[in-house]
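Visitor: Structure file start_18.cif (mmCIF, C-alpha atoms and all ligand atoms) is given on the next line.
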```cif
data_model
#
loop_
_atom_site.label_atom_id
_atom_site.label_comp_id
_atom_site.auth_asym_id
_atom_site.auth_seq_id
_atom_site.Cartn_x
_atom_site.Cartn_y
_atom_site.Cartn_z
CA MET A 23 -14.81 -27.49 -4.65
CA ILE A 24 -13.30 -24.04 -5.23
CA MET A 25 -15.24 -21.81 -7.63
CA ALA A 26 -12.98 -19.65 -9.78
CA PHE A 27 -14.52 -16.92 -11.91
CA TYR A 28 -12.97 -16.44 -15.33
CA HIS A 29 -14.08 -15.11 -18.71
CA PRO A 30 -12.04 -15.00 -21.97
CA GLY A 31 -13.26 -11.40 -22.31
CA PHE A 32 -11.04 -10.32 -19.36
CA VAL A 33 -8.26 -9.59 -21.84
CA ALA A 34 -8.15 -6.06 -23.19
CA PRO A 35 -6.00 -5.42 -26.28
CA ILE A 36 -3.09 -3.48 -24.76
CA GLY A 37 -0.39 -4.64 -27.17
CA GLU A 38 2.03 -7.55 -27.00
CA ARG A 39 4.88 -5.41 -25.71
CA HIS A 40 3.12 -4.06 -22.63
CA ILE A 41 4.76 -5.30 -19.41
CA MET A 42 1.37 -6.36 -18.02
CA PRO A 43 1.13 -10.07 -19.02
CA MET A 44 -2.60 -10.09 -19.80
CA ARG A 45 -2.50 -13.62 -21.13
CA LYS A 46 -1.58 -15.00 -17.69
CA PHE A 47 -5.24 -15.14 -16.68
CA GLY A 48 -6.04 -17.51 -19.55
CA LEU A 49 -2.96 -19.60 -18.80
CA VAL A 50 -3.98 -19.92 -15.13
CA ALA A 51 -7.50 -20.90 -16.22
CA GLU A 52 -6.04 -23.50 -18.58
CA GLN A 53 -4.07 -25.12 -15.77
CA LEU A 54 -7.00 -25.03 -13.38
CA ARG A 55 -9.29 -26.82 -15.86
CA SER A 56 -7.52 -30.07 -14.97
CA HIS A 57 -7.48 -29.34 -11.21
CA PRO A 58 -9.90 -31.81 -9.62
CA ASN A 59 -11.00 -29.35 -6.91
CA VAL A 60 -11.56 -26.23 -9.00
CA ARG A 61 -14.60 -25.31 -11.07
CA LEU A 62 -14.36 -22.44 -13.54
CA GLU A 63 -17.42 -20.26 -13.88
CA GLU A 64 -18.10 -17.20 -16.06
CA PRO A 65 -19.04 -14.09 -14.06
CA ALA A 66 -21.61 -11.47 -15.01
CA SER A 67 -20.21 -8.03 -15.83
CA ALA A 68 -20.21 -5.44 -13.05
CA THR A 69 -23.11 -3.07 -13.62
CA GLU A 70 -22.73 0.67 -13.97
CA GLU A 71 -24.59 1.07 -10.71
CA GLN A 72 -21.93 -1.05 -8.98
CA LEU A 73 -19.10 0.94 -10.59
CA ARG A 74 -20.77 4.17 -9.48
CA PHE A 75 -20.63 3.06 -5.83
CA VAL A 76 -16.88 3.58 -6.09
CA HIS A 77 -16.04 5.69 -9.15
CA THR A 78 -17.06 9.12 -10.42
CA SER A 79 -19.38 9.36 -13.43
CA GLU A 80 -16.79 11.41 -15.29
CA TYR A 81 -14.15 8.70 -14.89
CA ILE A 82 -16.52 5.86 -15.85
CA GLU A 83 -17.53 7.84 -18.96
CA ALA A 84 -13.89 8.39 -19.87
CA ILE A 85 -13.21 4.64 -19.76
CA ARG A 86 -16.31 3.95 -21.81
CA THR A 87 -15.80 6.59 -24.49
CA GLY A 88 -12.05 7.22 -24.48
CA THR A 89 -12.63 10.92 -23.77
CA PRO A 90 -10.80 12.72 -22.28
CA ARG A 91 -8.00 10.43 -23.46
CA GLU A 92 -5.61 11.34 -20.64
CA LEU A 93 -8.15 10.19 -18.05
CA ALA A 94 -9.15 7.12 -20.09
CA GLU A 95 -5.49 6.05 -20.14
CA SER A 96 -4.59 7.13 -16.59
CA GLN A 97 -4.08 3.44 -15.67
CA LYS A 98 -1.32 3.25 -18.36
CA PHE A 99 -3.21 1.11 -20.88
CA PRO A 100 -3.77 2.30 -24.44
CA TRP A 101 -7.53 3.02 -24.64
CA SER A 102 -9.72 1.04 -27.02
CA ALA A 103 -13.46 0.41 -27.21
CA ASP A 104 -12.78 -3.08 -25.81
CA LEU A 105 -11.40 -1.71 -22.54
CA PHE A 106 -14.71 -0.89 -20.85
CA PRO A 107 -16.39 -4.31 -21.37
CA SER A 108 -13.21 -6.10 -20.25
CA VAL A 109 -12.89 -4.15 -17.00
CA CYS A 110 -16.62 -4.59 -16.30
CA LEU A 111 -16.05 -8.35 -16.60
CA THR A 112 -12.98 -8.40 -14.34
CA ASN A 113 -14.78 -6.30 -11.73
CA GLY A 114 -17.81 -8.57 -12.09
CA ALA A 115 -15.54 -11.51 -11.31
CA CYS A 116 -14.45 -9.82 -8.07
CA VAL A 117 -18.10 -9.33 -7.07
CA ALA A 118 -18.98 -12.94 -8.00
CA ALA A 119 -16.03 -14.41 -6.07
CA ALA A 120 -16.82 -12.32 -2.99
CA ARG A 121 -20.46 -13.45 -3.05
CA GLN A 122 -19.49 -17.08 -3.68
CA ALA A 123 -17.08 -17.01 -0.73
CA LEU A 124 -20.00 -16.15 1.55
CA ARG A 125 -21.64 -19.42 0.43
CA ASP A 126 -18.65 -21.77 0.13
CA GLY A 127 -16.16 -20.25 2.58
CA MET A 128 -13.72 -19.53 -0.25
CA ALA A 129 -13.73 -18.56 -3.93
CA ALA A 130 -11.45 -16.83 -6.43
CA ALA A 131 -11.51 -14.42 -9.35
CA LEU A 132 -8.91 -15.05 -12.06
CA ALA A 133 -8.57 -11.29 -12.36
CA SER A 134 -6.63 -8.58 -10.58
CA GLY A 135 -7.99 -6.66 -7.59
CA PHE A 136 -6.94 -3.34 -9.12
CA HIS A 137 -5.71 -1.85 -5.85
CA HIS A 138 -4.21 1.30 -7.42
CA ALA A 139 -7.52 2.49 -8.88
CA HIS A 140 -8.92 5.65 -7.24
CA ALA A 141 -12.45 7.06 -7.33
CA ASP A 142 -11.69 9.50 -10.14
CA HIS A 143 -8.72 8.00 -12.00
CA GLY A 144 -6.68 4.85 -12.60
CA GLU A 145 -3.02 4.12 -11.83
CA GLY A 146 -0.54 1.26 -12.26
CA PHE A 147 -2.62 -0.82 -14.74
CA CYS A 148 -5.69 -0.61 -12.46
CA THR A 149 -8.84 0.86 -14.03
CA PHE A 150 -11.72 0.18 -11.61
CA ASN A 151 -11.03 -1.02 -8.04
CA GLY A 152 -12.62 -4.48 -8.11
CA LEU A 153 -11.88 -5.08 -4.44
CA VAL A 154 -13.86 -2.06 -3.29
CA VAL A 155 -16.55 -2.51 -5.97
CA ALA A 156 -17.13 -6.02 -4.57
CA ALA A 157 -17.05 -4.84 -0.96
CA ASP A 158 -19.46 -1.95 -1.60
CA THR A 159 -21.84 -4.16 -3.57
CA LEU A 160 -22.19 -6.72 -0.77
CA GLN A 161 -22.26 -4.13 2.00
CA ARG A 162 -24.96 -2.03 0.32
CA SER A 163 -27.10 -5.09 -0.34
CA GLY A 164 -26.84 -6.08 3.34
CA GLU A 165 -25.04 -9.36 2.55
CA VAL A 166 -22.16 -8.24 4.79
CA LYS A 167 -21.68 -5.62 7.50
CA ARG A 168 -17.89 -5.45 7.69
CA VAL A 169 -15.26 -6.33 5.08
CA ALA A 170 -11.49 -6.69 5.46
CA ILE A 171 -9.03 -6.37 2.56
CA LEU A 172 -5.59 -7.97 2.82
CA ASP A 173 -3.20 -6.80 0.13
CA LEU A 174 0.01 -8.83 -0.30
CA ASP A 175 0.93 -7.50 -3.73
CA LEU A 176 4.50 -6.21 -3.96
CA HIS A 177 3.10 -2.73 -4.45
CA TYR A 178 1.32 -0.62 -1.86
CA GLY A 179 -2.48 -0.59 -2.29
CA ASN A 180 -2.84 3.18 -2.48
CA GLY A 181 -6.20 3.26 -4.29
CA THR A 182 -7.77 0.88 -1.80
CA ALA A 183 -6.37 2.91 1.11
CA ALA A 184 -7.75 6.16 -0.30
CA LEU A 185 -11.19 4.60 -0.90
CA ALA A 186 -11.21 3.05 2.60
CA GLU A 187 -11.12 6.50 4.20
CA SER A 188 -14.77 7.20 3.44
CA ARG A 189 -15.88 3.61 4.23
CA ASP A 190 -16.07 2.94 7.92
CA TYR A 191 -17.23 -0.64 7.31
CA LEU A 192 -13.94 -1.46 5.58
CA THR A 193 -10.55 -2.39 7.09
CA ALA A 194 -7.61 -2.54 4.68
CA LEU A 195 -4.09 -3.83 5.32
CA SER A 196 -1.31 -3.58 2.74
CA ILE A 197 2.00 -5.42 3.38
CA TYR A 198 4.28 -4.43 0.53
CA GLY A 199 7.90 -4.37 -0.73
CA SER A 200 9.25 -1.18 0.71
CA ASP A 201 11.67 0.23 -1.80
CA TYR A 202 10.28 -0.45 -5.25
CA TRP A 203 10.07 3.26 -6.00
CA GLY A 204 13.82 3.14 -6.56
CA ASN A 205 13.31 0.71 -9.44
CA LYS A 206 13.97 3.19 -12.24
CA ALA A 207 13.63 0.60 -15.01
CA TYR A 208 9.91 0.31 -14.31
CA VAL A 209 8.75 3.79 -13.42
CA ASP A 210 5.37 3.05 -15.02
CA VAL A 211 4.20 2.02 -11.56
CA THR A 212 4.12 5.37 -9.85
CA ALA A 213 1.71 4.72 -6.99
CA ARG A 214 2.62 6.65 -3.87
CA ARG A 215 2.15 5.96 -0.19
CA HIS A 216 -1.08 7.14 1.32
CA GLU A 217 -0.92 8.10 5.00
CA ASP A 218 -2.20 5.24 7.19
CA GLY A 219 -5.54 6.01 8.83
CA ALA A 220 -8.03 4.61 11.33
CA ASN A 221 -9.18 1.78 9.05
CA HIS A 222 -6.30 1.38 6.60
CA PHE A 223 -2.85 0.27 7.70
CA SER A 224 0.35 -0.81 6.05
CA ALA A 225 3.61 -2.58 6.83
CA THR A 226 6.75 -2.82 4.71
CA LEU A 227 8.85 -5.79 3.71
CA PRO A 228 12.59 -5.02 3.87
CA ARG A 229 14.86 -5.47 0.85
CA SER A 230 15.83 -9.16 0.47
CA CYS A 231 12.92 -10.17 2.69
CA ASP A 232 12.62 -13.97 2.95
CA GLY A 233 9.73 -16.22 3.91
CA LYS A 234 10.61 -16.30 7.57
CA ARG A 235 10.46 -12.52 7.84
CA LEU A 236 7.24 -12.34 5.81
CA ASN A 237 5.56 -14.95 8.01
CA ALA A 238 6.58 -13.08 11.15
CA LEU A 239 5.05 -9.89 9.71
CA LEU A 240 1.86 -11.73 8.78
CA ASP A 241 1.53 -13.16 12.29
CA GLU A 242 2.07 -9.68 13.72
CA HIS A 243 -0.31 -7.78 11.46
CA LEU A 244 -3.16 -10.14 10.43
CA PRO A 245 -4.96 -9.73 13.80
CA ARG A 246 -5.29 -6.01 12.98
CA LEU A 247 -8.00 -6.94 10.48
CA PHE A 248 -10.20 -7.68 13.51
CA GLU A 249 -9.30 -4.55 15.51
CA ARG A 250 -12.38 -2.61 14.50
CA GLY A 251 -14.83 -5.50 14.74
CA ARG A 252 -15.15 -8.92 13.20
CA PRO A 253 -15.33 -8.82 9.39
CA ASP A 254 -17.87 -10.98 7.56
CA LEU A 255 -15.61 -11.38 4.54
CA LEU A 256 -11.90 -11.21 3.71
CA LEU A 257 -10.80 -10.08 0.24
CA TYR A 258 -7.25 -11.20 -0.46
CA GLN A 259 -5.05 -9.60 -3.10
CA ALA A 260 -2.63 -12.51 -3.73
CA GLY A 261 0.16 -10.73 -5.59
CA ALA A 262 2.66 -12.72 -7.66
CA ASP A 263 5.11 -9.82 -7.99
CA PRO A 264 6.83 -10.28 -4.59
CA LEU A 265 8.55 -13.30 -6.22
CA CYS A 266 12.36 -12.93 -6.22
CA ASP A 267 12.48 -13.37 -10.01
CA ASP A 268 10.06 -10.52 -10.67
CA PRO A 269 11.69 -7.51 -12.35
CA TYR A 270 10.03 -5.18 -9.80
CA SER A 271 10.85 -7.22 -6.74
CA PRO A 272 13.72 -6.40 -4.37
CA LEU A 273 12.61 -9.35 -2.19
CA ALA A 274 14.09 -12.86 -1.88
CA LEU A 275 10.78 -14.75 -1.79
CA THR A 276 10.73 -18.11 -3.61
CA HIS A 277 7.77 -20.00 -5.04
CA ALA A 278 7.78 -22.26 -1.95
CA GLU A 279 7.76 -19.25 0.37
CA LEU A 280 4.86 -17.60 -1.48
CA LEU A 281 2.97 -20.90 -1.26
CA GLU A 282 3.59 -20.85 2.49
CA ARG A 283 2.40 -17.21 2.59
CA ASP A 284 -0.88 -18.26 1.01
CA ARG A 285 -1.25 -21.22 3.37
CA ARG A 286 -0.84 -18.88 6.32
CA VAL A 287 -3.49 -16.50 5.00
CA PHE A 288 -5.97 -19.32 4.34
CA ASP A 289 -5.19 -20.84 7.72
CA PHE A 290 -5.94 -17.49 9.38
CA ALA A 291 -9.28 -17.35 7.53
CA ARG A 292 -10.12 -20.95 8.43
CA GLN A 293 -9.28 -20.48 12.12
CA HIS A 294 -11.62 -17.49 12.28
CA ALA A 295 -14.32 -19.08 10.08
CA LEU A 296 -13.88 -16.04 7.85
CA PRO A 297 -15.04 -16.40 4.22
CA ILE A 298 -12.19 -15.50 1.87
CA ALA A 299 -12.22 -14.46 -1.79
CA TRP A 300 -8.92 -13.94 -3.57
CA VAL A 301 -7.72 -12.29 -6.75
CA LEU A 302 -4.55 -12.75 -8.82
CA ALA A 303 -2.56 -9.56 -8.58
CA GLY A 304 0.80 -8.46 -9.98
CA GLY A 305 3.47 -10.65 -11.56
CA TYR A 306 5.70 -9.42 -14.39
CA THR A 307 8.44 -12.01 -15.01
CA ARG A 308 9.37 -12.28 -18.68
CA ASP A 309 8.82 -16.04 -18.37
CA VAL A 310 5.08 -15.89 -17.67
CA SER A 311 5.06 -19.50 -16.45
CA LYS A 312 6.65 -18.28 -13.20
CA VAL A 313 3.71 -15.94 -12.58
CA VAL A 314 1.25 -18.69 -13.47
CA GLU A 315 2.97 -21.00 -10.99
CA VAL A 316 2.50 -18.52 -8.12
CA HIS A 317 -1.21 -18.17 -8.94
CA VAL A 318 -1.83 -21.90 -9.33
CA ASN A 319 0.02 -22.50 -6.06
CA THR A 320 -2.50 -20.22 -4.32
CA PHE A 321 -5.17 -22.75 -5.32
CA HIS A 322 -3.02 -25.62 -3.99
CA ALA A 323 -2.64 -23.73 -0.71
CA ALA A 324 -6.41 -23.19 -0.44
CA ALA A 325 -7.16 -26.82 -1.27
CA SER A 326 -4.73 -28.09 1.37
CA VAL A 327 -5.84 -25.74 4.15
CA PHE A 328 -9.55 -26.25 3.55
CA ALA A 329 -8.98 -30.00 2.92
CA ILE A 330 -10.90 -30.15 -0.33
ZN ZN A 401 2.02 -5.13 -7.98
#
```
Re-express the file's structure as C-alpha cells.
Ligand SMILES: [Zn+2]
Guide:
Amino acid sequence: MIMAFYHPGFVAPIGERHIMPMRKFGLVAEQLRSHPNVRLEEPASATEEQLRFVHTSEYIEAIRTGTPRELAESQKFPWSADLFPSVCLTNGACVAAARQALRDGMAAALASGFHHAHADHGEGFCTFNGLVVAADTLQRSGEVKRVAILDLDLHYGNGTAALAESRDYLTALSIYGSDYWGNKAYVDVTARRHEDGANHFSATLPRSCDGKRLNALLDEHLPRLFERGRPDLLLYQAGADPLCDDPYSPLALTHAELLERDRRVFDFARQHALPIAWVLAGGYTRDVSKVVEVHVNTFHAAASVFAI
C-alpha cells in the first residue's frame, strides 16, 4: 500500500486565470481514490517551529499577515488570509510523506516540493520549501542522519540548492531543462542558477531531450547522491513540466518516457533499500488532464517497481 497525503485545504484562492493549476492536486486525489494500492491520508499542518527551521521569522510573518505585501507575494501568488493555512498544510504533507517513507519504504505528498522557496522569500509559485522543511524536521528529531533530494522538475531547484549550502547533512541534485529562461511567454518563473557546491549539484537536459538521453543522465548522476555518505531518505521532486506538451518545456519527453523516468528513480531507491518520498511538482498544460496523467503514472511506476 502506498500512503499519499492530501487535504482539500491545499488549494489557496489564487484566481482561475493563474497559470498554476491548483486544482490538479484534487484531480490526482480523485483518480487515486480508485487505485487499489493507494491510501489517501490527511496530513497535519506544518508547525511554525518546523517552518522556522528553514525560513526567517520576517518572511513567515509576511505570509501570515500579508505585510509587507511585496514579500507576502514574492512567490507570485496574490496574498489572501487563506494562503498561510494552505501552505502549512502542503508543507505538513511533505513532512508526513517523508516520515511515512521511513516506515513503508515509499510514500507521497499530493503537493509540490516548492524548490524555488528561499529562507527569506518565495519565488516561482513556491512559498515555503517543503522538501527542506521535511528534511530538517526529520534530521533534527534524529529520525535520519543524511537526506538526499532529487529534483527532476523542468526548472532548476535554486531554493533547495541555496538552503543546502548551510546543511551538511543534505545532498541535493537538480536535473533540469537547460534553456527555459529563453521562454519569454512565461517570464513569471524567474529562478536563476545557483553555483553548484560541495553538497548540491546540477545537470542540464538539452533542448529536445528524449527519454534515452534523460535515462543516460540519470544513470550517470544518481550515484552522486551517495558521494558524501549513504542517505537515510530520498526526497523526490517528480516534476510534470518536463512533458513535451508543457508550455514551459523545450524537451521532447512523452508520458511513456516520464513513466520510465519514474521507474528508474524508484528502481534506484529499491536497489539501495533507500526510503523514498515524492511530491508532485510543476505541470502547466492548459489541458490539466495531461498533468494529472504524469502524476498518476508516478504512482503506477512506484507500484510496479515495489511490486505492490
Ligand atoms: Zn517547474
Visitor: Show which residues sit within 12 Å of Arg189 (chain A), as number ranges by chain. Count all atoms listed in the file, and ignore same-chain residues fewer than 4 positions away.
Guide: A: 75-76, 154-155, 157-158, 161-162, 167-170, 182-185, 193-194, 219-222
Visitor: If you measure from CA of Leu257 (chain A) to CA of Leu132 (chain A), what distance in Å do you get, rounded to one decimal?
Guide: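 Answer for the CA of Leu257 (chain A) to CA of Leu132 (chain A) separation: 13.4 Å.
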Visitor: Quick check, in Å to one decimal: how far apart do CA of Thr149 (chain A) and CA of Gln122 (chain A) lie?
Guide: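 So the two atoms, CA of Thr149 (chain A) and CA of Gln122 (chain A), lie 23.3 Å apart.
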Visitor: Please find the residues contacting ligand ZN 401 (chain A) at a distance of at most 6 Å between atoms, with only C-alpha atoms and all ligand atoms counted, and report them as a PyMOL selection string.
Guide: chain A and resi 175-177+263+304
Visitor: May I have the residues within 7 Å of Pro264 (chain A) as a VMD selection string, using all atoms listed in the file and disregarding those fewer than 2 positions away in the same chain?
Guide: chain A and resid 175 to 176 261 to 262 266 268 271 273 275
Visitor: With distances taken over only C-alpha atoms, which residue among A:Arg74, A:His322, A:Lys234, A:His140 lies nearest Leu281 (chain A)?
Guide: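 For Leu281 (chain A), the nearest of the candidates is A:His322.
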Visitor: From the list A:Ser134, A:Leu195, A:Leu280, A:Ala260, which residue is nearest Gly146 (chain A) when using only C-alpha atoms?
Guide: A:Ser134
Visitor: Quick check, in Å to one decimal: how far apart do CA of Gln97 (chain A) and CA of Cys148 (chain A) lie?
Guide: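 CA of Cys148 (chain A) lies 5.4 Å from CA of Gln97 (chain A).
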Visitor: Would you kindly place all heavy atoms on region 285-296 of chain A and return the model as a compact mmCIF listing (two decimals), keeping the file's coordinate frame?
Guide:
```txt
# COMPACT_ATOMS: atom_id res chain seq x y z
N ARG A 285 -0.75 -20.28 2.36
CA ARG A 285 -1.25 -21.22 3.37
C ARG A 285 -1.57 -20.50 4.67
O ARG A 285 -2.57 -20.75 5.30
CB ARG A 285 -0.20 -22.31 3.65
CG ARG A 285 -0.40 -23.53 2.80
CD ARG A 285 0.25 -24.75 3.47
NE ARG A 285 0.68 -25.65 2.43
CZ ARG A 285 1.94 -25.79 2.03
NH1 ARG A 285 2.92 -25.15 2.64
NH2 ARG A 285 2.23 -26.59 1.04
N ARG A 286 -0.66 -19.62 5.06
CA ARG A 286 -0.84 -18.88 6.32
C ARG A 286 -2.10 -18.02 6.28
O ARG A 286 -2.85 -17.91 7.24
CB ARG A 286 0.36 -17.98 6.56
CG ARG A 286 1.30 -18.53 7.58
CD ARG A 286 2.39 -17.52 7.84
NE ARG A 286 2.88 -17.63 9.20
CZ ARG A 286 3.65 -18.63 9.61
NH1 ARG A 286 3.96 -19.61 8.81
NH2 ARG A 286 4.08 -18.66 10.86
N VAL A 287 -2.31 -17.36 5.13
CA VAL A 287 -3.49 -16.50 5.00
C VAL A 287 -4.76 -17.35 5.06
O VAL A 287 -5.72 -17.01 5.77
CB VAL A 287 -3.43 -15.71 3.68
CG1 VAL A 287 -4.74 -14.97 3.43
CG2 VAL A 287 -2.26 -14.72 3.70
N PHE A 288 -4.78 -18.46 4.32
CA PHE A 288 -5.97 -19.32 4.34
C PHE A 288 -6.19 -19.93 5.72
O PHE A 288 -7.32 -20.09 6.17
CB PHE A 288 -5.86 -20.41 3.27
CG PHE A 288 -5.96 -19.88 1.88
CD1 PHE A 288 -4.97 -20.10 0.94
CD2 PHE A 288 -7.08 -19.14 1.48
CE1 PHE A 288 -5.07 -19.60 -0.35
CE2 PHE A 288 -7.19 -18.63 0.19
CZ PHE A 288 -6.17 -18.87 -0.73
N ASP A 289 -5.08 -20.27 6.38
CA ASP A 289 -5.19 -20.84 7.72
C ASP A 289 -5.80 -19.82 8.69
O ASP A 289 -6.64 -20.15 9.52
CB ASP A 289 -3.80 -21.27 8.20
CG ASP A 289 -3.91 -22.38 9.22
OD1 ASP A 289 -4.65 -23.34 8.95
OD2 ASP A 289 -3.26 -22.27 10.28
N PHE A 290 -5.37 -18.58 8.55
CA PHE A 290 -5.94 -17.49 9.38
C PHE A 290 -7.45 -17.39 9.13
O PHE A 290 -8.24 -17.30 10.07
CB PHE A 290 -5.24 -16.18 9.01
CG PHE A 290 -5.79 -14.97 9.68
CD1 PHE A 290 -5.43 -14.63 10.98
CD2 PHE A 290 -6.70 -14.14 9.02
CE1 PHE A 290 -5.95 -13.51 11.60
CE2 PHE A 290 -7.22 -13.01 9.63
CZ PHE A 290 -6.85 -12.69 10.93
N ALA A 291 -7.85 -17.44 7.86
CA ALA A 291 -9.28 -17.35 7.53
C ALA A 291 -10.04 -18.55 8.10
O ALA A 291 -11.12 -18.41 8.68
CB ALA A 291 -9.46 -17.28 6.01
N ARG A 292 -9.45 -19.73 7.96
CA ARG A 292 -10.12 -20.95 8.43
C ARG A 292 -10.28 -20.92 9.96
O ARG A 292 -11.36 -21.22 10.49
CB ARG A 292 -9.29 -22.18 8.02
CG ARG A 292 -9.99 -23.52 8.25
CD ARG A 292 -9.07 -24.68 7.95
NE ARG A 292 -7.83 -24.61 8.73
CZ ARG A 292 -7.70 -25.02 9.99
NH1 ARG A 292 -8.72 -25.57 10.61
NH2 ARG A 292 -6.55 -24.89 10.62
N GLN A 293 -9.21 -20.53 10.65
CA GLN A 293 -9.28 -20.48 12.12
C GLN A 293 -10.37 -19.54 12.62
O GLN A 293 -10.95 -19.77 13.68
CB GLN A 293 -7.94 -20.03 12.70
CG GLN A 293 -6.90 -21.13 12.72
CD GLN A 293 -5.54 -20.60 13.15
OE1 GLN A 293 -5.44 -19.49 13.68
NE2 GLN A 293 -4.50 -21.38 12.91
N HIS A 294 -10.62 -18.48 11.86
CA HIS A 294 -11.62 -17.49 12.28
C HIS A 294 -12.96 -17.70 11.58
O HIS A 294 -13.85 -16.84 11.68
CB HIS A 294 -11.12 -16.07 12.01
CG HIS A 294 -9.97 -15.69 12.89
ND1 HIS A 294 -8.66 -15.91 12.54
CD2 HIS A 294 -9.94 -15.13 14.12
CE1 HIS A 294 -7.87 -15.48 13.52
NE2 HIS A 294 -8.63 -15.01 14.49
N ALA A 295 -13.09 -18.80 10.84
CA ALA A 295 -14.32 -19.08 10.08
C ALA A 295 -14.72 -17.86 9.25
O ALA A 295 -15.88 -17.45 9.20
CB ALA A 295 -15.45 -19.49 11.02
N LEU A 296 -13.70 -17.27 8.61
CA LEU A 296 -13.88 -16.04 7.85
C LEU A 296 -13.90 -16.36 6.36
O LEU A 296 -12.89 -16.84 5.82
CB LEU A 296 -12.70 -15.10 8.19
CG LEU A 296 -12.64 -13.73 7.58
CD1 LEU A 296 -13.86 -12.91 7.94
CD2 LEU A 296 -11.36 -13.01 8.06
```
